[in-house]
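Quick look at run.cif (mmCIF, C-alpha atoms):
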data_my_file
#
loop_
_atom_site.group_PDB
_atom_site.id
_atom_site.type_symbol
_atom_site.label_atom_id
_atom_site.label_comp_id
_atom_site.auth_asym_id
_atom_site.auth_seq_id
_atom_site.Cartn_x
_atom_site.Cartn_y
_atom_site.Cartn_z
ATOM 1 C CA MET S 1 0.000 0.000 0.000
ATOM 2 C CA THR S 2 2.436 2.602 -1.302
ATOM 3 C CA THR S 3 1.835 6.201 -2.301
ATOM 4 C CA ALA S 4 3.742 7.330 -5.390
ATOM 5 C CA LEU S 5 5.222 10.778 -5.764
ATOM 6 C CA ALA S 6 5.040 11.098 -9.552
ATOM 7 C CA MET S 7 7.764 12.990 -11.387
ATOM 8 C CA SER S 8 9.852 12.924 -14.535
ATOM 9 C CA ALA S 9 12.144 9.944 -15.115
ATOM 10 C CA GLU S 10 15.184 12.200 -14.849
ATOM 11 C CA LEU S 11 14.160 13.528 -11.460
ATOM 12 C CA ALA S 12 13.077 10.118 -10.151
ATOM 13 C CA ALA S 13 16.520 8.733 -10.999
ATOM 14 C CA ALA S 14 18.114 11.670 -9.170
ATOM 15 C CA GLY S 15 16.015 11.156 -6.033
ATOM 16 C CA GLY S 16 13.631 14.034 -6.790
ATOM 17 C CA THR S 17 14.034 17.719 -6.161
ATOM 18 C CA GLU S 18 14.977 19.089 -2.759
ATOM 19 C CA GLU S 19 11.302 19.859 -2.236
ATOM 20 C CA ASP S 20 10.312 16.304 -3.227
ATOM 21 C CA ARG S 21 12.718 14.922 -0.640
ATOM 22 C CA LEU S 22 11.356 17.256 2.044
ATOM 23 C CA LEU S 23 7.812 16.159 1.261
ATOM 24 C CA ALA S 24 8.704 12.463 1.145
ATOM 25 C CA ALA S 25 10.426 12.694 4.533
ATOM 26 C CA ALA S 26 7.412 14.438 6.060
ATOM 27 C CA LEU S 27 5.061 11.793 4.662
ATOM 28 C CA ARG S 28 7.195 8.933 5.958
ATOM 29 C CA HIS S 29 7.256 10.584 9.380
ATOM 30 C CA GLU S 30 3.450 10.579 9.210
ATOM 31 C CA GLY S 31 3.457 6.811 8.653
ATOM 32 C CA CYS S 32 3.159 6.680 4.863
ATOM 33 C CA GLU S 33 4.974 4.305 2.550
ATOM 34 C CA ILE S 34 6.403 6.536 -0.174
ATOM 35 C CA GLU S 35 8.106 5.842 -3.478
ATOM 36 C CA LEU S 36 9.422 8.285 -6.054
ATOM 37 C CA ALA S 37 8.160 7.123 -9.443
ATOM 38 C CA ALA S 38 8.490 8.293 -13.043
ATOM 39 C CA TRP S 39 5.078 8.968 -14.551
ATOM 40 C CA THR S 40 6.325 7.460 -17.825
ATOM 41 C CA ASP S 41 6.947 4.039 -16.228
ATOM 42 C CA GLY S 42 4.507 1.889 -18.197
ATOM 43 C CA ASP S 43 1.613 0.117 -16.484
ATOM 44 C CA ASP S 44 3.291 -0.565 -13.145
ATOM 45 C CA TRP S 45 0.982 1.955 -11.444
ATOM 46 C CA ARG S 46 -1.450 -0.754 -10.352
ATOM 47 C CA ARG S 47 0.719 -1.379 -7.308
ATOM 48 C CA TYR S 48 0.229 2.137 -5.910
ATOM 49 C CA ALA S 49 -2.636 2.862 -3.555
ATOM 50 C CA SER S 50 -2.573 6.580 -4.376
ATOM 51 C CA VAL S 51 -0.587 9.112 -6.399
ATOM 52 C CA LEU S 52 0.588 12.616 -5.587
ATOM 53 C CA VAL S 53 1.537 14.459 -8.779
ATOM 54 C CA ARG S 54 4.783 16.260 -8.119
ATOM 55 C CA SER S 55 7.632 17.167 -10.470
ATOM 56 C CA CYS S 56 6.252 15.988 -13.827
ATOM 57 C CA TRP S 57 8.158 18.794 -15.518
ATOM 58 C CA ASP S 58 8.274 17.073 -18.908
ATOM 59 C CA TYR S 59 4.556 16.426 -19.414
ATOM 60 C CA HIS S 60 4.318 19.305 -21.893
ATOM 61 C CA LEU S 61 6.796 17.542 -24.197
ATOM 62 C CA ARG S 62 4.477 14.531 -24.551
ATOM 63 C CA PRO S 63 0.977 15.672 -23.597
ATOM 64 C CA ALA S 64 -0.776 12.731 -25.313
ATOM 65 C CA ASP S 65 1.190 10.320 -23.117
ATOM 66 C CA PHE S 66 0.405 12.378 -20.035
ATOM 67 C CA PHE S 67 -3.312 12.330 -20.817
ATOM 68 C CA ALA S 68 -3.179 8.567 -21.369
ATOM 69 C CA TRP S 69 -1.416 8.088 -18.018
ATOM 70 C CA ILE S 70 -3.883 10.109 -15.952
ATOM 71 C CA ASP S 71 -6.770 8.482 -17.825
ATOM 72 C CA ARG S 72 -5.483 5.051 -16.760
ATOM 73 C CA LEU S 73 -5.213 6.186 -13.149
ATOM 74 C CA GLU S 74 -8.760 7.491 -13.272
ATOM 75 C CA SER S 75 -10.170 4.351 -14.922
ATOM 76 C CA ARG S 76 -8.591 2.192 -12.219
ATOM 77 C CA GLY S 77 -10.013 4.373 -9.457
ATOM 78 C CA THR S 78 -6.577 5.322 -8.112
ATOM 79 C CA PRO S 79 -6.866 8.359 -5.797
ATOM 80 C CA VAL S 80 -4.833 11.205 -7.280
ATOM 81 C CA LEU S 81 -3.925 14.654 -5.967
ATOM 82 C CA ASN S 82 -4.856 16.884 -7.551
ATOM 83 C CA PRO S 83 -7.827 14.946 -8.979
ATOM 84 C CA VAL S 84 -7.522 13.822 -12.580
ATOM 85 C CA PRO S 85 -10.296 16.103 -13.943
ATOM 86 C CA LEU S 86 -8.394 19.120 -12.607
ATOM 87 C CA LEU S 87 -5.122 17.876 -14.091
ATOM 88 C CA ARG S 88 -6.741 17.301 -17.475
ATOM 89 C CA TRP S 89 -8.259 20.806 -17.447
ATOM 90 C CA ASN S 90 -5.036 22.473 -16.270
ATOM 91 C CA VAL S 91 -2.748 21.018 -18.970
ATOM 92 C CA ASP S 92 -3.742 23.594 -21.596
ATOM 93 C CA LYS S 93 -3.503 27.263 -20.658
ATOM 94 C CA ARG S 94 -6.823 27.881 -22.364
ATOM 95 C CA TYR S 95 -8.174 27.218 -18.863
ATOM 96 C CA LEU S 96 -7.429 30.939 -18.356
ATOM 97 C CA LEU S 97 -10.437 31.778 -20.518
ATOM 98 C CA ASP S 98 -12.626 29.549 -18.333
ATOM 99 C CA LEU S 99 -11.470 31.400 -15.244
ATOM 100 C CA GLU S 100 -11.994 34.770 -16.898
ATOM 101 C CA ALA S 101 -15.564 33.732 -17.744
ATOM 102 C CA ARG S 102 -16.009 32.917 -14.048
ATOM 103 C CA GLY S 103 -15.002 36.437 -13.062
ATOM 104 C CA VAL S 104 -11.276 35.989 -12.383
ATOM 105 C CA PRO S 105 -9.172 38.900 -13.738
ATOM 106 C CA ILE S 106 -6.441 37.464 -15.978
ATOM 107 C CA VAL S 107 -3.550 38.982 -17.889
ATOM 108 C CA PRO S 108 -4.972 39.951 -21.305
ATOM 109 C CA THR S 109 -4.553 36.808 -23.401
ATOM 110 C CA VAL S 110 -5.399 35.780 -26.949
ATOM 111 C CA PHE S 111 -5.088 32.206 -28.246
ATOM 112 C CA GLY S 112 -4.711 31.125 -31.840
ATOM 113 C CA GLU S 113 -2.975 28.806 -34.273
ATOM 114 C CA ARG S 114 -1.051 31.638 -35.903
ATOM 115 C CA PHE S 115 -0.622 35.392 -35.642
ATOM 116 C CA ALA S 116 0.545 37.369 -38.668
ATOM 117 C CA ARG S 117 2.433 40.609 -38.201
ATOM 118 C CA ASP S 118 -0.764 42.602 -38.727
ATOM 119 C CA ASP S 119 -2.524 40.532 -36.044
ATOM 120 C CA LEU S 120 0.213 41.328 -33.558
ATOM 121 C CA ASP S 121 0.176 45.003 -34.457
ATOM 122 C CA ARG S 122 -3.555 45.093 -33.702
ATOM 123 C CA LEU S 123 -2.876 43.528 -30.295
ATOM 124 C CA ARG S 124 -0.191 46.122 -29.623
ATOM 125 C CA GLU S 125 -2.731 48.829 -30.381
ATOM 126 C CA ARG S 126 -5.414 47.161 -28.241
ATOM 127 C CA TRP S 127 -3.108 46.809 -25.255
ATOM 128 C CA ALA S 128 -1.214 50.088 -25.808
ATOM 129 C CA THR S 129 2.190 48.444 -25.711
ATOM 130 C CA ASP S 130 4.928 47.604 -28.192
ATOM 131 C CA ARG S 131 6.068 44.635 -26.120
ATOM 132 C CA LEU S 132 4.397 41.242 -26.436
ATOM 133 C CA VAL S 133 5.219 37.702 -25.353
ATOM 134 C CA ALA S 134 4.159 34.399 -26.884
ATOM 135 C CA LYS S 135 4.285 30.796 -25.678
ATOM 136 C CA PRO S 136 2.682 27.430 -26.451
ATOM 137 C CA SER S 137 -0.673 26.853 -24.790
ATOM 138 C CA ILE S 138 0.805 23.646 -23.346
ATOM 139 C CA GLY S 139 4.060 24.365 -21.601
ATOM 140 C CA ALA S 140 5.971 24.464 -18.327
ATOM 141 C CA THR S 141 9.023 26.237 -16.879
ATOM 142 C CA ALA S 142 8.719 29.055 -19.464
ATOM 143 C CA TYR S 143 9.073 26.480 -22.238
ATOM 144 C CA GLY S 144 8.825 28.210 -25.615
ATOM 145 C CA CYS S 145 8.185 31.601 -24.032
ATOM 146 C CA ARG S 146 9.695 34.457 -26.041
ATOM 147 C CA ARG S 147 9.394 38.163 -26.632
ATOM 148 C CA LEU S 148 7.977 39.366 -29.930
ATOM 149 C CA GLY S 149 9.546 42.220 -31.820
ATOM 150 C CA ARG S 150 8.090 44.346 -34.587
ATOM 151 C CA GLY S 151 7.978 42.287 -37.757
ATOM 152 C CA ASP S 152 7.675 38.942 -35.940
ATOM 153 C CA ALA S 153 4.927 36.445 -36.653
ATOM 154 C CA VAL S 154 3.823 33.431 -34.619
ATOM 155 C CA ASP S 155 2.761 29.995 -35.826
ATOM 156 C CA ALA S 156 1.868 27.220 -33.393
ATOM 157 C CA GLY S 157 3.531 24.515 -35.485
ATOM 158 C CA ASN S 158 6.740 26.509 -35.760
ATOM 159 C CA GLU S 159 6.835 27.357 -32.059
ATOM 160 C CA ASP S 160 6.381 23.722 -31.074
ATOM 161 C CA PRO S 161 5.368 20.876 -33.421
ATOM 162 C CA SER S 162 3.122 19.406 -30.687
ATOM 163 C CA ALA S 163 1.343 22.703 -29.959
ATOM 164 C CA ALA S 164 -2.157 23.155 -31.348
ATOM 165 C CA THR S 165 -2.313 26.773 -30.225
ATOM 166 C CA VAL S 166 -0.121 29.526 -28.883
ATOM 167 C CA LEU S 167 -1.039 32.400 -26.632
ATOM 168 C CA VAL S 168 -0.020 36.026 -26.920
ATOM 169 C CA GLN S 169 -0.010 38.455 -24.001
ATOM 170 C CA PRO S 170 1.345 41.934 -23.323
ATOM 171 C CA PHE S 171 4.704 41.995 -21.624
ATOM 172 C CA LEU S 172 4.171 43.040 -17.995
ATOM 173 C CA PRO S 173 6.750 45.622 -16.825
ATOM 174 C CA ALA S 174 5.723 44.825 -13.233
ATOM 175 C CA VAL S 175 7.372 41.389 -13.514
ATOM 176 C CA VAL S 176 10.741 43.143 -13.791
ATOM 177 C CA GLU S 177 9.987 46.124 -11.558
ATOM 178 C CA GLU S 178 8.092 44.434 -8.719
ATOM 179 C CA GLY S 179 8.290 40.720 -9.486
ATOM 180 C CA GLU S 180 5.843 37.912 -10.134
ATOM 181 C CA TRP S 181 3.993 36.778 -7.022
ATOM 182 C CA SER S 182 3.346 33.109 -6.269
ATOM 183 C CA LEU S 183 0.781 32.387 -3.572
ATOM 184 C CA MET S 184 0.541 28.814 -2.275
ATOM 185 C CA LEU S 185 -2.923 27.661 -1.213
ATOM 186 C CA PHE S 186 -3.798 24.274 0.287
ATOM 187 C CA ASP S 187 -7.483 23.330 0.390
ATOM 188 C CA GLY S 188 -8.180 26.971 -0.399
ATOM 189 C CA GLU S 189 -6.199 28.323 2.563
ATOM 190 C CA LEU S 190 -3.200 30.587 2.017
ATOM 191 C CA SER S 191 0.003 29.079 3.387
ATOM 192 C CA HIS S 192 2.868 31.290 2.198
ATOM 193 C CA THR S 193 3.967 33.539 -0.639
ATOM 194 C CA VAL S 194 7.115 34.250 -2.616
ATOM 195 C CA VAL S 195 7.950 36.983 -5.079
ATOM 196 C CA LYS S 196 10.044 35.933 -8.077
ATOM 197 C CA ARG S 197 12.375 38.230 -10.020
ATOM 198 C CA PRO S 198 14.113 37.710 -13.356
ATOM 199 C CA ALA S 199 17.838 38.093 -13.820
ATOM 200 C CA ALA S 200 19.152 41.343 -15.274
ATOM 201 C CA GLY S 201 18.197 41.627 -18.921
ATOM 202 C CA GLU S 202 15.808 38.660 -18.678
ATOM 203 C CA PHE S 203 12.005 38.529 -18.387
ATOM 204 C CA ARG S 204 11.530 34.887 -17.353
ATOM 205 C CA VAL S 205 11.561 34.349 -13.588
ATOM 206 C CA GLN S 206 12.322 30.608 -13.491
ATOM 207 C CA LYS S 207 15.628 29.508 -11.986
ATOM 208 C CA GLU S 208 16.534 27.874 -15.292
ATOM 209 C CA TRP S 209 16.793 31.414 -16.669
ATOM 210 C CA GLY S 210 18.656 32.861 -13.694
ATOM 211 C CA GLY S 211 15.585 33.974 -11.753
ATOM 212 C CA SER S 212 15.488 34.296 -7.969
ATOM 213 C CA PHE S 213 12.816 34.353 -5.281
ATOM 214 C CA ARG S 214 12.261 35.406 -1.693
ATOM 215 C CA ARG S 215 9.522 34.971 0.881
ATOM 216 C CA ALA S 216 7.254 38.005 1.008
ATOM 217 C CA GLU S 217 3.960 39.180 2.483
ATOM 218 C CA PRO S 218 1.289 39.816 -0.167
ATOM 219 C CA ASP S 219 -1.146 42.682 0.007
ATOM 220 C CA GLY S 220 -4.881 42.170 0.290
ATOM 221 C CA GLY S 221 -5.493 42.540 -3.427
ATOM 222 C CA LEU S 222 -3.100 39.713 -4.283
ATOM 223 C CA VAL S 223 -4.611 37.426 -1.654
ATOM 224 C CA ALA S 224 -8.155 38.195 -2.780
ATOM 225 C CA LEU S 225 -7.292 37.357 -6.393
ATOM 226 C CA ALA S 226 -5.562 34.114 -5.419
ATOM 227 C CA ARG S 227 -8.545 32.967 -3.377
ATOM 228 C CA ARG S 228 -10.935 33.989 -6.130
ATOM 229 C CA ALA S 229 -8.988 31.936 -8.676
ATOM 230 C CA VAL S 230 -8.893 28.807 -6.513
ATOM 231 C CA GLU S 231 -12.534 29.081 -5.485
ATOM 232 C CA ALA S 232 -13.516 29.291 -9.159
ATOM 233 C CA VAL S 233 -12.298 25.702 -9.593
ATOM 234 C CA ASP S 234 -14.410 22.642 -8.828
ATOM 235 C CA PRO S 235 -13.415 20.562 -6.971
ATOM 236 C CA LEU S 236 -11.317 22.754 -4.722
ATOM 237 C CA PRO S 237 -7.653 21.862 -5.361
ATOM 238 C CA ALA S 238 -5.718 20.141 -2.600
ATOM 239 C CA TYR S 239 -2.743 22.291 -3.588
ATOM 240 C CA ALA S 240 -2.373 25.242 -5.924
ATOM 241 C CA ARG S 241 0.203 27.834 -6.814
ATOM 242 C CA VAL S 242 -1.379 31.041 -8.004
ATOM 243 C CA ASP S 243 0.976 33.178 -10.101
ATOM 244 C CA VAL S 244 0.003 36.845 -10.161
ATOM 245 C CA ALA S 245 1.486 40.066 -11.541
ATOM 246 C CA ARG S 246 0.154 43.587 -11.917
ATOM 247 C CA TRP S 247 -1.173 44.935 -15.201
ATOM 248 C CA GLU S 248 -1.979 48.639 -15.273
ATOM 249 C CA GLY S 249 -1.587 48.650 -11.504
ATOM 250 C CA GLU S 250 -4.083 45.862 -10.794
ATOM 251 C CA PRO S 251 -3.350 42.213 -9.867
ATOM 252 C CA ARG S 252 -4.002 39.816 -12.734
ATOM 253 C CA LEU S 253 -3.784 36.049 -12.830
ATOM 254 C CA MET S 254 -0.857 34.804 -14.898
ATOM 255 C CA GLU S 255 -1.261 31.077 -14.250
ATOM 256 C CA LEU S 256 -3.020 28.719 -11.864
ATOM 257 C CA GLU S 257 -0.604 25.816 -11.377
ATOM 258 C CA LEU S 258 -2.324 22.576 -10.323
ATOM 259 C CA ILE S 259 -0.126 19.918 -11.962
ATOM 260 C CA GLU S 260 3.568 20.224 -11.244
ATOM 261 C CA PRO S 261 4.173 23.408 -9.323
ATOM 262 C CA GLN S 262 7.186 24.198 -7.267
ATOM 263 C CA LEU S 263 5.514 25.061 -3.973
ATOM 264 C CA PHE S 264 8.520 26.711 -2.287
ATOM 265 C CA LEU S 265 8.019 24.525 0.783
ATOM 266 C CA GLU S 266 10.016 24.799 3.985
ATOM 267 C CA PRO S 267 9.857 22.403 6.970
ATOM 268 C CA ASP S 268 7.669 24.676 9.100
ATOM 269 C CA ASP S 269 5.116 25.558 6.439
ATOM 270 C CA ARG S 270 1.464 25.145 7.327
ATOM 271 C CA GLY S 271 0.941 24.100 3.738
ATOM 272 C CA LEU S 272 3.388 21.221 4.046
ATOM 273 C CA ALA S 273 1.548 19.893 7.095
ATOM 274 C CA ARG S 274 -1.821 20.300 5.379
ATOM 275 C CA LEU S 275 -0.637 18.512 2.215
ATOM 276 C CA VAL S 276 0.877 15.680 4.248
ATOM 277 C CA ARG S 277 -2.427 15.179 6.061
ATOM 278 C CA ARG S 278 -4.332 15.098 2.771
ATOM 279 C CA VAL S 279 -2.034 12.415 1.353
ATOM 280 C CA ALA S 280 -2.014 10.426 4.597
ATOM 281 C CA ASP S 281 -5.818 10.417 4.606
ATOM 282 C CA LEU S 282 -6.042 8.919 1.108
ATOM 283 C CA PRO S 283 -6.921 5.203 0.872
ATOM 284 C CA GLY S 284 -3.710 3.371 1.677
ATOM 285 C CA GLY S 285 -1.971 6.609 2.612
ATOM 286 C CA ARG S 286 -1.016 5.972 6.230
ATOM 287 C CA THR S 287 0.061 2.324 6.308
ATOM 288 C CA ARG S 288 1.778 1.988 9.654
ATOM 289 C CA PRO S 289 1.136 3.353 13.157
ATOM 290 C CA LEU S 290 2.806 6.578 14.194
#

Will you turn the file into structure tokens for me?
Amino acid sequence: MTTALAMSAELAAAGGTEEDRLLAAALRHEGCEIELAAWTDGDDWRRYASVLVRSCWDYHLRPADFFAWIDRLESRGTPVLNPVPLLRWNVDKRYLLDLEARGVPIVPTVFGERFARDDLDRLRERWATDRLVAKPSIGATAYGCRRLGRGDAVDAGNEDPSAATVLVQPFLPAVVEEGEWSLMLFDGELSHTVVKRPAAGEFRVQKEWGGSFRRAEPDGGLVALARRAVEAVDPLPAYARVDVARWEGEPRLMELELIEPQLFLEPDDRGLARLVRRVADLPGGRTRPL
């Protein structure tokens, strides 16, 4: 009766990320049998009582395989956090339009298969900015994210052969000036927050691009938006990272990460304890007395 922490094959072979190891240790202390497992490992998932989706940071490179994997888990009735319907919905960033329709303010975003230069010029006029960014609608860790200059065009097939659509957004100066905020919520409750900053001359905040982060206290507007985004989802996610930045001075949702987010956990986080309890309470979660 083992719980799997699902991740990429590369990370599973390396023993997971530092955060994975922290989480695994906390779960074992709670009486759970834990194994780090690559989500791409065939049909061996029958032996797991439950699955916590963790560092599957390559799912965007093979989305059809990822869908097939979570579909198998669902068909077998394996408890998964977050639940499979949420994972399926969260794979493609077109979920942003769903959230916008539910009243969640998002960064202005347009999806399409291709954008000619004239299309992009019209978006520049609409958003009153010369600076745009584009990325595949299925992506992680800023995969395929790039700035668009005058004269550029965008085609989904050229950006990524597996991408059906790309999204275009205005570049947000606040990401460089103030930072991108990540608020971690567990069962809808705020645990902790970090603000992420890009390296000099860069606009991507991920560590792969030289970005940095620090713990920070969010203002009420950021917290209200994060809660609004999570509460717009059904069922309520067990864990969520809500990425927010300001556009024209107001907080806007950049992404709602429910699949493979770095949660910036530390040993004393309330969120870590809450997530451990959720996993331990799954069928087969806690398998030995404390």

Restrict the calculation to all atoms listed in the file, then for each residue of region 42-108 of chain S with any atom at most 10 Å from an atom of region 245-248 of chain S give the closest atom pair and their distance in Å to one decimal, rows by chain and rising residue number, as CSV.
residue,atom,partner,partner_atom,distance
S:Ile106,CA,S:Trp247,CA,9.2
S:Val107,CA,S:Trp247,CA,7.0
S:Pro108,CA,S:Trp247,CA,8.7

Would you save the residues of that selection, restricted to C-alpha atoms, as a PDB file, in the coordinates of the input?
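Contents of the output file selection_13.pdb:
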ATOM      1  CA  ILE S 106      -6.441  37.464 -15.978  1.00  0.00           C
ATOM      2  CA  VAL S 107      -3.550  38.982 -17.889  1.00  0.00           C
ATOM      3  CA  PRO S 108      -4.972  39.951 -21.305  1.00  0.00           C
TER       4      PRO S 108
END

How close does each residue of region 74-131 of chain S get to region 142-147 of chain S, giving the shortest atom pair and distance in Å to one decimal for every residue with an atom at most 12 Å away, counting only C-alpha atoms, sorted by chain and residue number, as a tab-separated table?
residue	atom	partner	partner_atom	distance
S:Leu120	CA	S:Arg147	CA	11.9
S:Asp130	CA	S:Arg147	CA	10.6
S:Arg131	CA	S:Arg147	CA	7.3

Checklist entry - How many Å lie between CA of Phe66 (chain S) and CA of Ala9 (chain S), rounded to one decimal? => result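 CA of Ala9 (chain S) lies 13.0 Å from CA of Phe66 (chain S).
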
Checklist entry - Near Ala116 (chain S), within 12 Å and counting all atoms listed in the file, which residues show up once chain neighbours fewer than 3 positions away are dropped, as a VMD selection string? => result chain S and resid 112 to 113 119 to 123 148 150 to 156 168

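Take the candidates S:Leu87, S:Leu258, S:Leu23, S:Ala4 and check each one against Glu74 (chain S) using only C-alpha atoms; the shortest distance goes to S:Leu87.
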
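Counting all atoms listed in the file and comparing S:Gly221, S:Arg214, S:Glu260, S:Ala14, the residue that lies closest to Tyr59 (chain S) is S:Glu260.
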
Next on the checklist: With distances taken over only C-alpha atoms, which residue among S:Glu125, S:Glu189, S:Glu250, S:Asp118 lies nearest Leu172 (chain S)?
Outcome noted: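 Smallest distance to Leu172 (chain S) is found for S:Glu250.
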
Next on the checklist: When you look at Trp39 (chain S) with a cut-off of 10 Å (counting all atoms listed in the file), what residues show up, excluding the ones that are within fewer than 2 positions of it in the same chain? I need them as a PyMOL selection string.
Outcome noted: chain S and resi 4-9+12+36-37+41-45+51+53-56+58-59+65-66+69-70

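The space between CA of Pro170 (chain S) and CA of Lys135 (chain S) spans 11.8 Å.
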
Checklist entry - Which value, in Å to one decimal, gives the distance between CA of Tyr48 (chain S) and CA of Ala140 (chain S)? => result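 These two atoms are separated by 26.2 Å.
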
Next on the checklist: Selection in question (the file shown): the PyMOL selection byres ((chain S and resi 2) around 12). Which residues does it include, as a VMD selection string?
Outcome noted: chain S and resid 1 3 to 5 24 27 to 28 31 to 37 45 to 52 78 to 79 279 to 280 282 to 288

Pick out the residues sitting within 12 Å of Ala238 (chain S), and hand them over as a CSV table (one decimal) with C-alpha atoms, in the frame of the given file; count all atoms listed in the file, and ignore anything fewer than 3 positions along from it in its own chain.
chain,number,residue,atom,x,y,z
S,52,LEU,CA,0.6,12.6,-5.6
S,53,VAL,CA,1.5,14.5,-8.8
S,80,VAL,CA,-4.8,11.2,-7.3
S,81,LEU,CA,-3.9,14.7,-6.0
S,82,ASN,CA,-4.9,16.9,-7.6
S,83,PRO,CA,-7.8,14.9,-9.0
S,84,VAL,CA,-7.5,13.8,-12.6
S,86,LEU,CA,-8.4,19.1,-12.6
S,87,LEU,CA,-5.1,17.9,-14.1
S,184,MET,CA,0.5,28.8,-2.3
S,185,LEU,CA,-2.9,27.7,-1.2
S,186,PHE,CA,-3.8,24.3,0.3
S,187,ASP,CA,-7.5,23.3,0.4
S,188,GLY,CA,-8.2,27.0,-0.4
S,189,GLU,CA,-6.2,28.3,2.6
S,190,LEU,CA,-3.2,30.6,2.0
S,230,VAL,CA,-8.9,28.8,-6.5
S,231,GLU,CA,-12.5,29.1,-5.5
S,233,VAL,CA,-12.3,25.7,-9.6
S,234,ASP,CA,-14.4,22.6,-8.8
S,235,PRO,CA,-13.4,20.6,-7.0
S,241,ARG,CA,0.2,27.8,-6.8
S,257,GLU,CA,-0.6,25.8,-11.4
S,258,LEU,CA,-2.3,22.6,-10.3
S,259,ILE,CA,-0.1,19.9,-12.0
S,271,GLY,CA,0.9,24.1,3.7
S,272,LEU,CA,3.4,21.2,4.0
S,274,ARG,CA,-1.8,20.3,5.4
S,275,LEU,CA,-0.6,18.5,2.2
S,276,VAL,CA,0.9,15.7,4.2
S,277,ARG,CA,-2.4,15.2,6.1
S,278,ARG,CA,-4.3,15.1,2.8
S,279,VAL,CA,-2.0,12.4,1.4
S,282,LEU,CA,-6.0,8.9,1.1

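Nearest to Glu19 (chain S) of all the residues S:Phe213, S:Phe67, S:Tyr95, S:Phe264 is S:Phe264, based on only C-alpha atoms.
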
Next on the checklist: I'd like to know which of S:Glu180, S:Glu18, S:Asp281, S:Glu10 is closest to Asp243 (chain S), using all atoms listed in the file.
Outcome noted: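 Once distances to Asp243 (chain S) are computed over all atoms listed in the file, the minimum belongs to S:Glu180.
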
Checklist entry - When the PyMOL selection byres ((chain S and resi 92) around 6) is applied to the file above, which residues end up in the set, as an NGL selection string? => result :S and (90-91 or 93-94 or 137-138)

Next on the checklist: Let me make sure I understand: among S:Trp57, S:Trp89, S:Phe111, S:Tyr239, which one has the smallest atom-to-atom distance to Ala164 (chain S) if we use all atoms listed in the file?
Outcome noted: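 With all atoms listed in the file as the atom set, the closest residue is S:Phe111.
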
Item to check | Resolved residues for the PyMOL selection byres ((chain S and resi 198) around 10) as a ChimeraX atom specification | outcome: /S:175-177,179-180,196-197,199-207,209-213
